[in-house]
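Everything below concerns the one structure shown next.
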Amino acid sequence: MMGVMASEETRTVKPTTARGSAAPPEGGTPVPAPRAWAVRLVVVGIVLSAFNLRPAITSLGALLEEVRDGLGMSGSVAGLLTSVPPLCFAAFGVMAPRLARRFGAGAVVCAGMVAITTGLLIRPYTGSTAGFLAASTLALMGIAVSNVLMPVIVKRWFPDRVGPMTGLYSMALALGTSAAAAVTVPVTEALGGSWQSGLAVWAGLAAAAVLPWIPLVRDRGPASAESKAVRSVHTRVEGAGPVRHVHARVEPPVLRITRSRTAWALAVFFGLQATAAYITMGWMAQIFRDAGVPAGTAGLLLAVTMVMGVPLAFVIPRMATRLPHQGPIVLALGVCGLAGYAGLYLAPAAGAWAWAVLLGVSNCAFPLALTMVGMRARTGAGVAQLSAFAQSTGYLISIPGPLLVGVLYQHSGGWGLPIALMIGLMIPQMAVGVLAGRDRTVEEEAAR
């Protein structure tokens, strides 16, 4: 038996270029750079997918009274229907990282768009409340996994352009949200007044979002080496001949995300901003109407609040990526929210347009939260886990808020207590947002 005097093993990890392509290991097969056509398809896919992440919700809100009458839906079931989206986002969003590791993020988003298309197409024609809820849940399932994976895809394909790309899809998401709220009723009237047709028409746009992802279903993206890294293991044994190269696929270690204070801060920040957004969308128009503002004007004020997110969703992520600490942006948005709520309390009708604009600015904490998800993790796998944790936990946190506002309004007979609650929630939102904006990564904190 041959004696071994010494043994040494070294592992070399492939360096990654700025665009995510990996340099080849010594003696290994080069990893190709991202193809130009694939990058263009990803950009188109991100924009179309983001546009379709909210019309399933806001189009229903515009026609909820007609849907209730058409299906014989009780008020309590209609209330449950408005609470289903955040519940589905929390429940199904957790599945996204595991699905992405198994099938690839592009394939999962493609399947998510198919689920949205199918759900939107069949739900108006199910003919029953149970069928409508089931089809809505299918669409929301697709939205949930796509919600989580959008930051992951941006991080993998555009690691040096996280801010601009996050701004682009945040802007598309805001545009889809406001467009569905604004045009669903006119489109329904143009189609003969059928609420079924008015809801089903949004399935066509969702179907268009499927197409860019089909060629990318088998393509894991330029950072595929990150999810299943190929490492070159060099083993040198004295007297055993030349260096031998052994190539083995090594799974990345699972990140213990709950050990990170930044992850928890980001999850709570996400939840509180989502709470504020759902309260605004659900109750702001009613606040103005109760203050004497005409119904048409109140709806227009709500539209102004939602439209504010379109330009700012593009600007804020770009600003955020240029700062080492995003705390100042968090505080600026929070101050706008506090001023808007104070205006609603003191003079809701007199300064209605100003309060609508201020609350629209404040609601842009959403694209900021998405940007911080991409910045607070070093790797695509880390972003996937952080995105799933922050969004799932955050949406769970957001569920009671709009319901509690309704309860306070009903029992107090006015808007004083609900607005005080909104102001009270904005303070911790600002505090945890500052913590989440610190220049650190969840991998570093989890490792400690």
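The chains in the structure tokens are called A, B, ... from first to last as shown; in each chain the residues are counted from 1, and the ligands are counted from 1 in the order shown.
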**OP:** List the neighbours of stretch 386-397 of chain A out to 7 Å using only C-alpha atoms; skip same-chain residues closer than 4 positions along the sequence, and give me the result as an MDAnalysis selection string.
**Re:** chainID A and resid 86:87 89:91 93:94 96:97 148 257 263 266:268 270:271 274 373 382
Original post:
Which residues, written as a list in words, have at least one atom at most 7 Å from A:Gly380, with only C-alpha atoms counted and residues fewer than 4 positions away on the same chain left out?
Top reply: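 In the requested format, the answer is Val152, Lys155, Arg156 and Ala384 of chain A.
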Can you spit out the residues from that selection as a PDB file, in the first residue's frame, using all heavy atoms?
ATOM      1  N   VAL A 152     -35.744  38.924  -7.301  1.00  0.00           N
ATOM      2  CA  VAL A 152     -34.744  37.890  -7.553  1.00  0.00           C
ATOM      3  C   VAL A 152     -34.260  37.967  -8.998  1.00  0.00           C
ATOM      4  O   VAL A 152     -33.054  37.918  -9.285  1.00  0.00           O
ATOM      5  CB  VAL A 152     -35.325  36.487  -7.264  1.00  0.00           C
ATOM      6  CG1 VAL A 152     -34.304  35.406  -7.565  1.00  0.00           C
ATOM      7  CG2 VAL A 152     -35.790  36.408  -5.820  1.00  0.00           C
ATOM      8  N   LYS A 155     -32.073  40.990  -9.511  1.00  0.00           N
ATOM      9  CA  LYS A 155     -30.748  40.806  -8.914  1.00  0.00           C
ATOM     10  C   LYS A 155     -29.880  39.893  -9.773  1.00  0.00           C
ATOM     11  O   LYS A 155     -28.672  40.125  -9.923  1.00  0.00           O
ATOM     12  CB  LYS A 155     -30.906  40.209  -7.512  1.00  0.00           C
ATOM     13  CG  LYS A 155     -29.600  40.034  -6.745  1.00  0.00           C
ATOM     14  CD  LYS A 155     -29.061  41.350  -6.247  1.00  0.00           C
ATOM     15  CE  LYS A 155     -27.910  41.159  -5.279  1.00  0.00           C
ATOM     16  NZ  LYS A 155     -27.423  42.433  -4.731  1.00  0.00           N
ATOM     17  N   ARG A 156     -30.459  38.852 -10.349  1.00  0.00           N
ATOM     18  CA  ARG A 156     -29.678  37.890 -11.114  1.00  0.00           C
ATOM     19  C   ARG A 156     -29.281  38.416 -12.487  1.00  0.00           C
ATOM     20  O   ARG A 156     -28.171  38.192 -12.941  1.00  0.00           O
ATOM     21  CB  ARG A 156     -30.471  36.588 -11.260  1.00  0.00           C
ATOM     22  CG  ARG A 156     -30.570  35.801  -9.971  1.00  0.00           C
ATOM     23  CD  ARG A 156     -31.292  34.488 -10.184  1.00  0.00           C
ATOM     24  NE  ARG A 156     -31.265  33.681  -8.962  1.00  0.00           N
ATOM     25  CZ  ARG A 156     -31.837  32.496  -8.840  1.00  0.00           C
ATOM     26  NH1 ARG A 156     -32.498  31.982  -9.865  1.00  0.00           N
ATOM     27  NH2 ARG A 156     -31.761  31.813  -7.713  1.00  0.00           N
ATOM     28  N   ALA A 384     -33.888  35.819  -2.871  1.00  0.00           N
ATOM     29  CA  ALA A 384     -35.096  34.996  -2.930  1.00  0.00           C
ATOM     30  C   ALA A 384     -35.636  34.725  -1.533  1.00  0.00           C
ATOM     31  O   ALA A 384     -36.837  34.868  -1.269  1.00  0.00           O
ATOM     32  CB  ALA A 384     -34.807  33.678  -3.645  1.00  0.00           C
TER      33      ALA A 384
END
**OP:** Using only C-alpha atoms, determine which residues lie at most 10 Å from A:Leu425, disregarding the query and same-chain residues fewer than 6 positions distant; provide the list as a list in words.
**Re:** Leu272, Gln273, Thr275, Ala276, Leu338, Gly401 and Ile419 of chain A
**OP:** Please identify all polymer residues within 7 Å of A:Leu175, counting only C-alpha atoms, omitting same-chain residues fewer than 4 positions from it, and present them as a ChimeraX atom specification.
**Re:** /A:51,171,179,310
Subject >> Shell of 10 Å around A:Ala174, only C-alpha atoms, local chain residues under 5 positions omitted, as JSON, numbers by chain >> reply: {"A": [50, 51, 52, 53, 54, 169, 179, 306, 307, 308, 309, 310, 311, 312, 313, 314, 364, 366, 367]}
Subject >> Residue set, stretch 73-228 of chain A restricted to alpha helix (DSSP H), as JSON, numbers by chain >> reply: {"A": [75, 76, 77, 78, 79, 80, 81, 82, 83, 84, 85, 86, 87, 88, 89, 90, 91, 92, 93, 96, 97, 98, 99, 100, 101, 102, 103, 105, 106, 107, 108, 109, 110, 111, 112, 113, 114, 115, 116, 117, 118, 119, 120, 121, 122, 129, 130, 131, 132, 133, 134, 135, 136, 137, 138, 139, 140, 141, 142, 143, 144, 145, 146, 147, 148, 149, 150, 151, 152, 153, 154, 155, 156, 157, 162, 163, 164, 165, 166, 167, 168, 169, 170, 171, 172, 173, 174, 175, 176, 177, 178, 179, 180, 181, 182, 183, 184, 185, 186, 187, 188, 189, 190, 195, 196, 197, 198, 199, 200, 202, 203, 204, 205, 206, 207, 208, 209, 210, 224, 225, 226, 227]}
Using only C-alpha atoms, which residues of stretch 308-393 of chain A come within 6 Å of stretch 437-445 of chain A, and what is the closest atom pair for each, with the distance in Å to one decimal? Give it as a tab-separated table, sorted by chain and residue number.
residue	atom	partner	partner_atom	distance
A:Pro324	CA	A:Asp439	CA	5.6
A:His325	CA	A:Arg438	CA	5.1
A:Gln326	CA	A:Gly437	CA	4.5
A:Gly327	CA	A:Gly437	CA	5.3
A:Arg376	CA	A:Thr441	CA	4.5
A:Ala377	CA	A:Thr441	CA	4.9
Please produce an output containing N, CA, C and O atoms for each residue in the selection, written as a CSV table (one decimal), in the first residue's frame.
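Written file, again-v1.csv:
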chain,number,residue,atom,x,y,z
A,324,PRO,N,-25.8,55.0,0.7
A,324,PRO,CA,-25.4,53.8,1.5
A,324,PRO,C,-26.4,53.5,2.6
A,324,PRO,O,-26.5,52.3,3.0
A,325,HIS,N,-27.3,54.5,3.0
A,325,HIS,CA,-28.3,54.3,4.0
A,325,HIS,C,-29.6,54.9,3.4
A,325,HIS,O,-29.6,56.0,3.1
A,326,GLN,N,-30.6,54.1,3.4
A,326,GLN,CA,-31.9,54.5,2.8
A,326,GLN,C,-32.8,55.2,3.9
A,326,GLN,O,-34.0,55.5,3.6
A,327,GLY,N,-32.3,55.3,5.1
A,327,GLY,CA,-33.1,55.9,6.2
A,327,GLY,C,-33.7,57.3,5.8
A,327,GLY,O,-34.8,57.6,6.2
A,376,ARG,N,-30.2,44.4,0.4
A,376,ARG,CA,-29.8,43.8,1.6
A,376,ARG,C,-29.4,42.4,1.6
A,376,ARG,O,-29.2,41.7,2.6
A,377,ALA,N,-29.2,41.8,0.4
A,377,ALA,CA,-28.7,40.5,0.2
A,377,ALA,C,-27.6,40.5,-0.9
A,377,ALA,O,-27.8,41.2,-1.9
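Residues surrounding stretch 105-120 of chain A within 7 Å are Ala56, Leu99, Ala100, Ala135, Ser136, Leu138, Ala139, Leu140, Gly142, Ile143, Val145, Ser146, Leu149, Ile153, Ala200, Trp202, Ala203, Ala206, Ala207, Ala209, Val210, Trp213, Ile214, Leu216, Val217 and Arg220 of chain A [only C-alpha atoms; sequence separation below 4 positions excluded].
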**OP:** Name all residues at most 7 Å from A:Gly337 (count only C-alpha atoms; drop same-chain ones fewer than 5 positions away) and give them as number ranges by chain.
**Re:** A: 358-359, 362
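The spacing separating atom CA of A:Ala354 from atom CA of A:Ala303 amounts to 13.3 Å.
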**OP:** Point out the residue among A:Ala298, A:Leu121, A:Ala182, A:Ala420 with the least atom-to-atom distance to A:Thr58, counting only C-alpha atoms.
**Re:** A:Ala182
Original post:
Hey, which of A:Met430, A:Leu173, A:Ala365, A:Ala144 ends up closest to A:Ile316? Count only C-alpha atoms.
Top reply: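 Looking only at the distances to A:Ile316, the closest residue turns out to be A:Ala365.
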